[in-house]
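**Q** Quick one: the structure is below, questions incoming.
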There are 4 protein chains.
Amino acid sequence: MPKLGMEPIRRDAIVKATIAELGAKKSLDVTVSQIAKRAGMSSALAHHYFGGKDQIFLAAMRRILSDFGAEARQELSSAAPDERPQAIIRSCFAPSCFTPDVIAAWMTFYVLAQTNEEALRLWKIYQARIRSNLIHALRPMLSNPVEAANDMVALIDGLYIHAALNAPEEPELAVNHAMRVLDTFLEAEK
Amino acid sequence: MPKLGMEPIRRDAIVKATIAELGAKKSLDVTVSQIAKRAGMSSALAHHYFGGKDQIFLAAMRRILSDFGAEARQELSSAAPDERPQAIIRSCFAPSCFTPDVIAAWMTFYVLAQTNEEALRLWKIYQARIRSNLIHALRPMLSNPVEAANDMVALIDGLYIHAALNAPEEPELAVNHAMRVLDTFLEAEK
Amino acid sequence: MPKLGMEPIRRDAIVKATIAELGAKKSLDVTVSQIAKRAGMSSALAHHYFGGKDQIFLAAMRRILSDFGAEARQELSSAAPDERPQAIIRSCFAPSCFTPDVIAAWMTFYVLAQTNEEALRLWKIYQARIRSNLIHALRPMLSNPVEAANDMVALIDGLYIHAALNAPEEPELAVNHAMRVLDTFLEAEK
Amino acid sequence: MPKLGMEPIRRDAIVKATIAELGAKKSLDVTVSQIAKRAGMSSALAHHYFGGKDQIFLAAMRRILSDFGAEARQELSSAAPDERPQAIIRSCFAPSCFTPDVIAAWMTFYVLAQTNEEALRLWKIYQARIRSNLIHALRPMLSNPVEAANDMVALIDGLYIHAALNAPEEPELAVNHAMRVLDTFLEAEK
DNA sequence: AATGAATGAGGATTCATTCAT
DNA sequence: GATGAATGAATCCTCATTCAT
């Protein structure tokens with residue numbers, strides 16, 4: 001019985017294993033074999049499905065991005081209009097996006113994006129999405145929503161780094177931190 | 001043409017070459033040979049003077065840190081008391097600290113710090129220095145200088161990332177950005 | 001032409017090549033590449049199957065030991081009870097154990113055993129085996145079989161060295177030598 | 001003041017350091033730098049005096065040999081004629097020849113002698129000396145002193161190996177062992 | 001679909017040796 | 001006499017990738 005539709009299952013396993021391995025090793029020095037082993041298959045198969053190591057990394061990056069997107073959509077959908085900025089911030093540090101694994105993987109992507117076109121494109125998409133969400137959400141509240149959104153976007157990346165290097169065990173610190181800054185901006189307007 | 005007292009000269013050349021090579025390759029995937037070649041010597045000599053690749057990287061990191069420290073001291077020494085926060089911010093994005101090379105090198109250190117004790121220690125020193133400088137400078141101006149300093153420190157790291165990935169050619173954008181946020185904090189107090 | 005089940009074939013080829021190479025170079029300064037080349041494969045494959053150089057050496061040592069063990073069993077099985085001591089001696093210098101290659105390899109193991117736990121363990125096993133075989137075989141003939149066995153065991157190692165350095169071309173000299181000493185012990189008892 | 005006659009002092013220091021280092025590392029994998037460091041000079045100077053690594057090793061081997069020769073002469077000179085065989089044996093395991101250092105160094109020479117002409121020559125000289133001493137000493141006592149001497153010489157090498165690998169801490173075991181065998185030979189004659 | 005087999009290319013590191021001073 | 005400086009060559013080991021089955 002030939003296994004039908006194995007491809008999506010295998011791809012999914014590899015992507016998950018990549019994130020897990022990056023998180024475990026906390027470094028880009030992760031081999032295809034290690035990933036494949038964690039995913040329970042041969043490294044040859046990983047190559048077969050993805051074509052090469054770079055594409056495996058990019059697929060992992062896309063996954064993290066889409067997870068974040070889903071998180072953001074869900075937070076926004078259940079938020080009152082005047083709670084939307086906070087909802088966006090919350091989604092950036094939601095459990096699904098802010099585990100030690102994902103943070104460590106995210107760190108490596110910053111570096112990857114410096115040399116890999118596609119990785120850069122993905123990072124810019126992520127940035128643009130948060131930014132535009134924030135602008136929309138802040139527009140009714142602030143006279144200069146663009147600026148505040150830019151500030152928040154930069155702050156969030158900084159908080160990712162701090163979380164990765166300082167206190168990965170306390171994600172709520174980062175959320176509180178971001179919320180406080182957001183409040184400052186909102187207060188300043190009044 | 002061997003001479004005496006070459007060690008400091010060679011070490012300096014290697015450190016500079018490391019930063020340059022990290023900046024050029026924009027990745028931690030830089031070989032000792034590449035660094036040595038750029039520094040005009042054999043890789044064996046680089047090993048001789050530093051003991052290993054890790055120590056070469058750490059030396060480069062220390063150099064960047066000490067350059068930043070010097071910049072900060074100089075900016076602070078010539079700043080009026082009520083301009084000290086701005087002076088600190090300026091020093092973070094001063095030309096000597098914020099060239100594309102140094103930014104790219106800095107990015108790789110974020111990743112290195114996840115796995116290398118000493119790199120982490122160095123990064124924490126850098127953080128602590130900016131933070132304590134900022135707290136001191138902000139104390140006369142803000143009721144909660146600690147919080148504002150924390151915010152600014154995180155923001156600065158975020159802006160480094162943005163500069164690395166977005167617009168390395170326009171460092172003044174980052175300064176302006178940081179200054180604006182600082183202003184917001186200062187305004188909010190009034 | 002990759003096939004299945006190559007592992008044992010490759011391992012075997014490497015082990016044989018190691019002994020041959022040690023015999024040819026007569027030194028521990030044998031590279032994995034040289035061994036792999038002699039075995040008809042890349043050095044990477046040798047590493048793949050054995051994990052490292054030390055383990056290649058140990059596998060070769062184990063092989064020599066097990067060859068010796070087989071030889072000893074066979075000699076003993078076909079020996080009359082009162083010929084068992086001689087059979088044991090003969091097995092120590094049997095053609096399969098006492099070729100120039102194996103002798104030279106054996107010499108290197110003496111040195112390896114000084115620093116490598118496992119090599120030392122293997123050497124002790126070999127010693128203990130000969131010794132216990134000899135004690136059993138000599139018990140009916142000598143009042144102090146343990147002492148005589150100890151003497152013979154030491155003598156055999158000495159004869160290996162002499163064969164390696166003096167006259168590798170004449171193994172029968174060593175056998176005769178050992179037999180003569182054994183006779184002295186047996187005669188002395190009468 | 002130019003240091004006159006430094007050469008013999010330096011050579012002596014290097015030779016001693018070589019033996020010490022071989023004993024410490026228990027392996028031929030000893031670098032010239034390590035030896036030179038232990039001898040308190042630069043590796044370049046060691047090269048200057050000896051020409052190369054091989055010659056350093058050979059000088060160490062010669063030293064061990066001459067130490068042994070001195071020991072043998074002294075033991076013989078103070079031994080009663082009927083105690084000369086025992087005196088020779090004793091000299092082989094005398095404290096100056098049978099320290100862990102010297103034993104380990106000796107082990108490496110066995111291997112070196114397989115590939116180095118001069119090392120082989122030195123080893124043969126050592127063998128011949130003990131052998132001829134023993135023959136002379138045994139001639140009045142045994143009808144076949146040559147055979148007994150050959151046996152003893154082989155046994156002694158075997159005991160060196162055993163001392164190196166088994167019980168370096170108990171040299172007197174080896175002496176007793178050799179003495180016992182010698183007694184067996186002497187008893188057998190009666 | 002899946003994998004064991006296999007390797008070429010490369011990388012960190014070591015070291016004997018040479019040389020200018 | 002003595003050494004720091006310097007390197008070429010080598011060695012172990014790793015890994016992405018390919019291929020035959």
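Chains: A, B, ... in order of the structure tokens. Residues: from 1 per chain. Ligands: from 1, in order shown.
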Identify all chain F residues at most 10 Å from chain A by counting only C-alpha atoms (C1' of nucleotides); ligands do not count. Present them as a list of chain:residue names.

**A**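 Within 10 Å of chain A on chain F, we get F:DT14, F:DC15, F:DA16, F:DT17, F:DT18.
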
**Q** For chain E, report every residue with an atom at most 10 Å from chain D (counting only C-alpha atoms (C1' of nucleotides)), formatted as a VMD selection string.

**A** chain E and resid 14 to 18

**Q** Taking a cut-off of 8 Å and counting only C-alpha atoms, can you build a table that, for each residue of chain B near chain A, reports the nearest atom pair and how far apart they are in Å (one decimal), sorted by chain then residue number, as CSV?

**A**
residue,atom,partner,partner_atom,distance
B:Lys25,CA,A:Thr115,CA,7.8
B:Lys26,CA,A:Gln114,CA,6.0
B:Ser27,CA,A:Val111,CA,6.5
B:Ala104,CA,A:Gln114,CA,8.0
B:Met107,CA,A:Val111,CA,6.4
B:Thr108,CA,A:Val111,CA,6.5
B:Tyr110,CA,A:Ile161,CA,7.4
B:Val111,CA,A:Met107,CA,6.4
B:Leu112,CA,A:Ser27,CA,7.5
B:Ala113,CA,A:Leu165,CA,7.0
B:Gln114,CA,A:Lys26,CA,6.1
B:Thr115,CA,A:Lys26,CA,6.5
B:Leu120,CA,A:Leu165,CA,7.2
B:Asp151,CA,A:Val181,CA,7.2
B:Ala154,CA,A:Gly158,CA,4.6
B:Leu155,CA,A:Leu155,CA,4.5
B:Ile156,CA,A:Gly158,CA,7.0
B:Asp157,CA,A:Gly158,CA,4.8
B:Gly158,CA,A:Gly158,CA,3.8
B:Leu159,CA,A:Ala154,CA,5.7
B:Ile161,CA,A:Asp157,CA,7.4
B:His162,CA,A:Ala154,CA,7.1
B:Ala164,CA,A:Gln114,CA,7.2
B:Leu165,CA,A:Gln114,CA,6.1
B:His177,CA,A:Asp151,CA,7.5
B:Val181,CA,A:Asp151,CA,7.2
B:Thr184,CA,A:Ala188,CA,7.2
B:Phe185,CA,A:Thr184,CA,7.4
B:Glu187,CA,A:Ala188,CA,7.5
B:Ala188,CA,A:Ala188,CA,5.2

**Q** Do you have the CA of Arg38 (chain B)-CA of Asp54 (chain A) distance handy?

**A**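 According to the coordinates, CA of Arg38 (chain B) and CA of Asp54 (chain A) are separated by 27.3 Å.
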
**Q** For region 59-73 of chain D, find every residue with an atom within 10 Å (counting only C-alpha atoms (C1' of nucleotides)), except residues of its own chain fewer than 5 positions away, and show them as a PyMOL selection string.

**A** chain D and resi 11-12+14-20+22+50+53-54+78+87-98+102-103+105-106+108-109+119+122-123+125-126+129-130+133

**Q** Any idea what's packed within 7 Å of Pro85 (chain A), counting only C-alpha atoms (C1' of nucleotides), ignoring anything in its chain fewer than 4 positions away? Could you give it as a count of residues only?

**A** 4
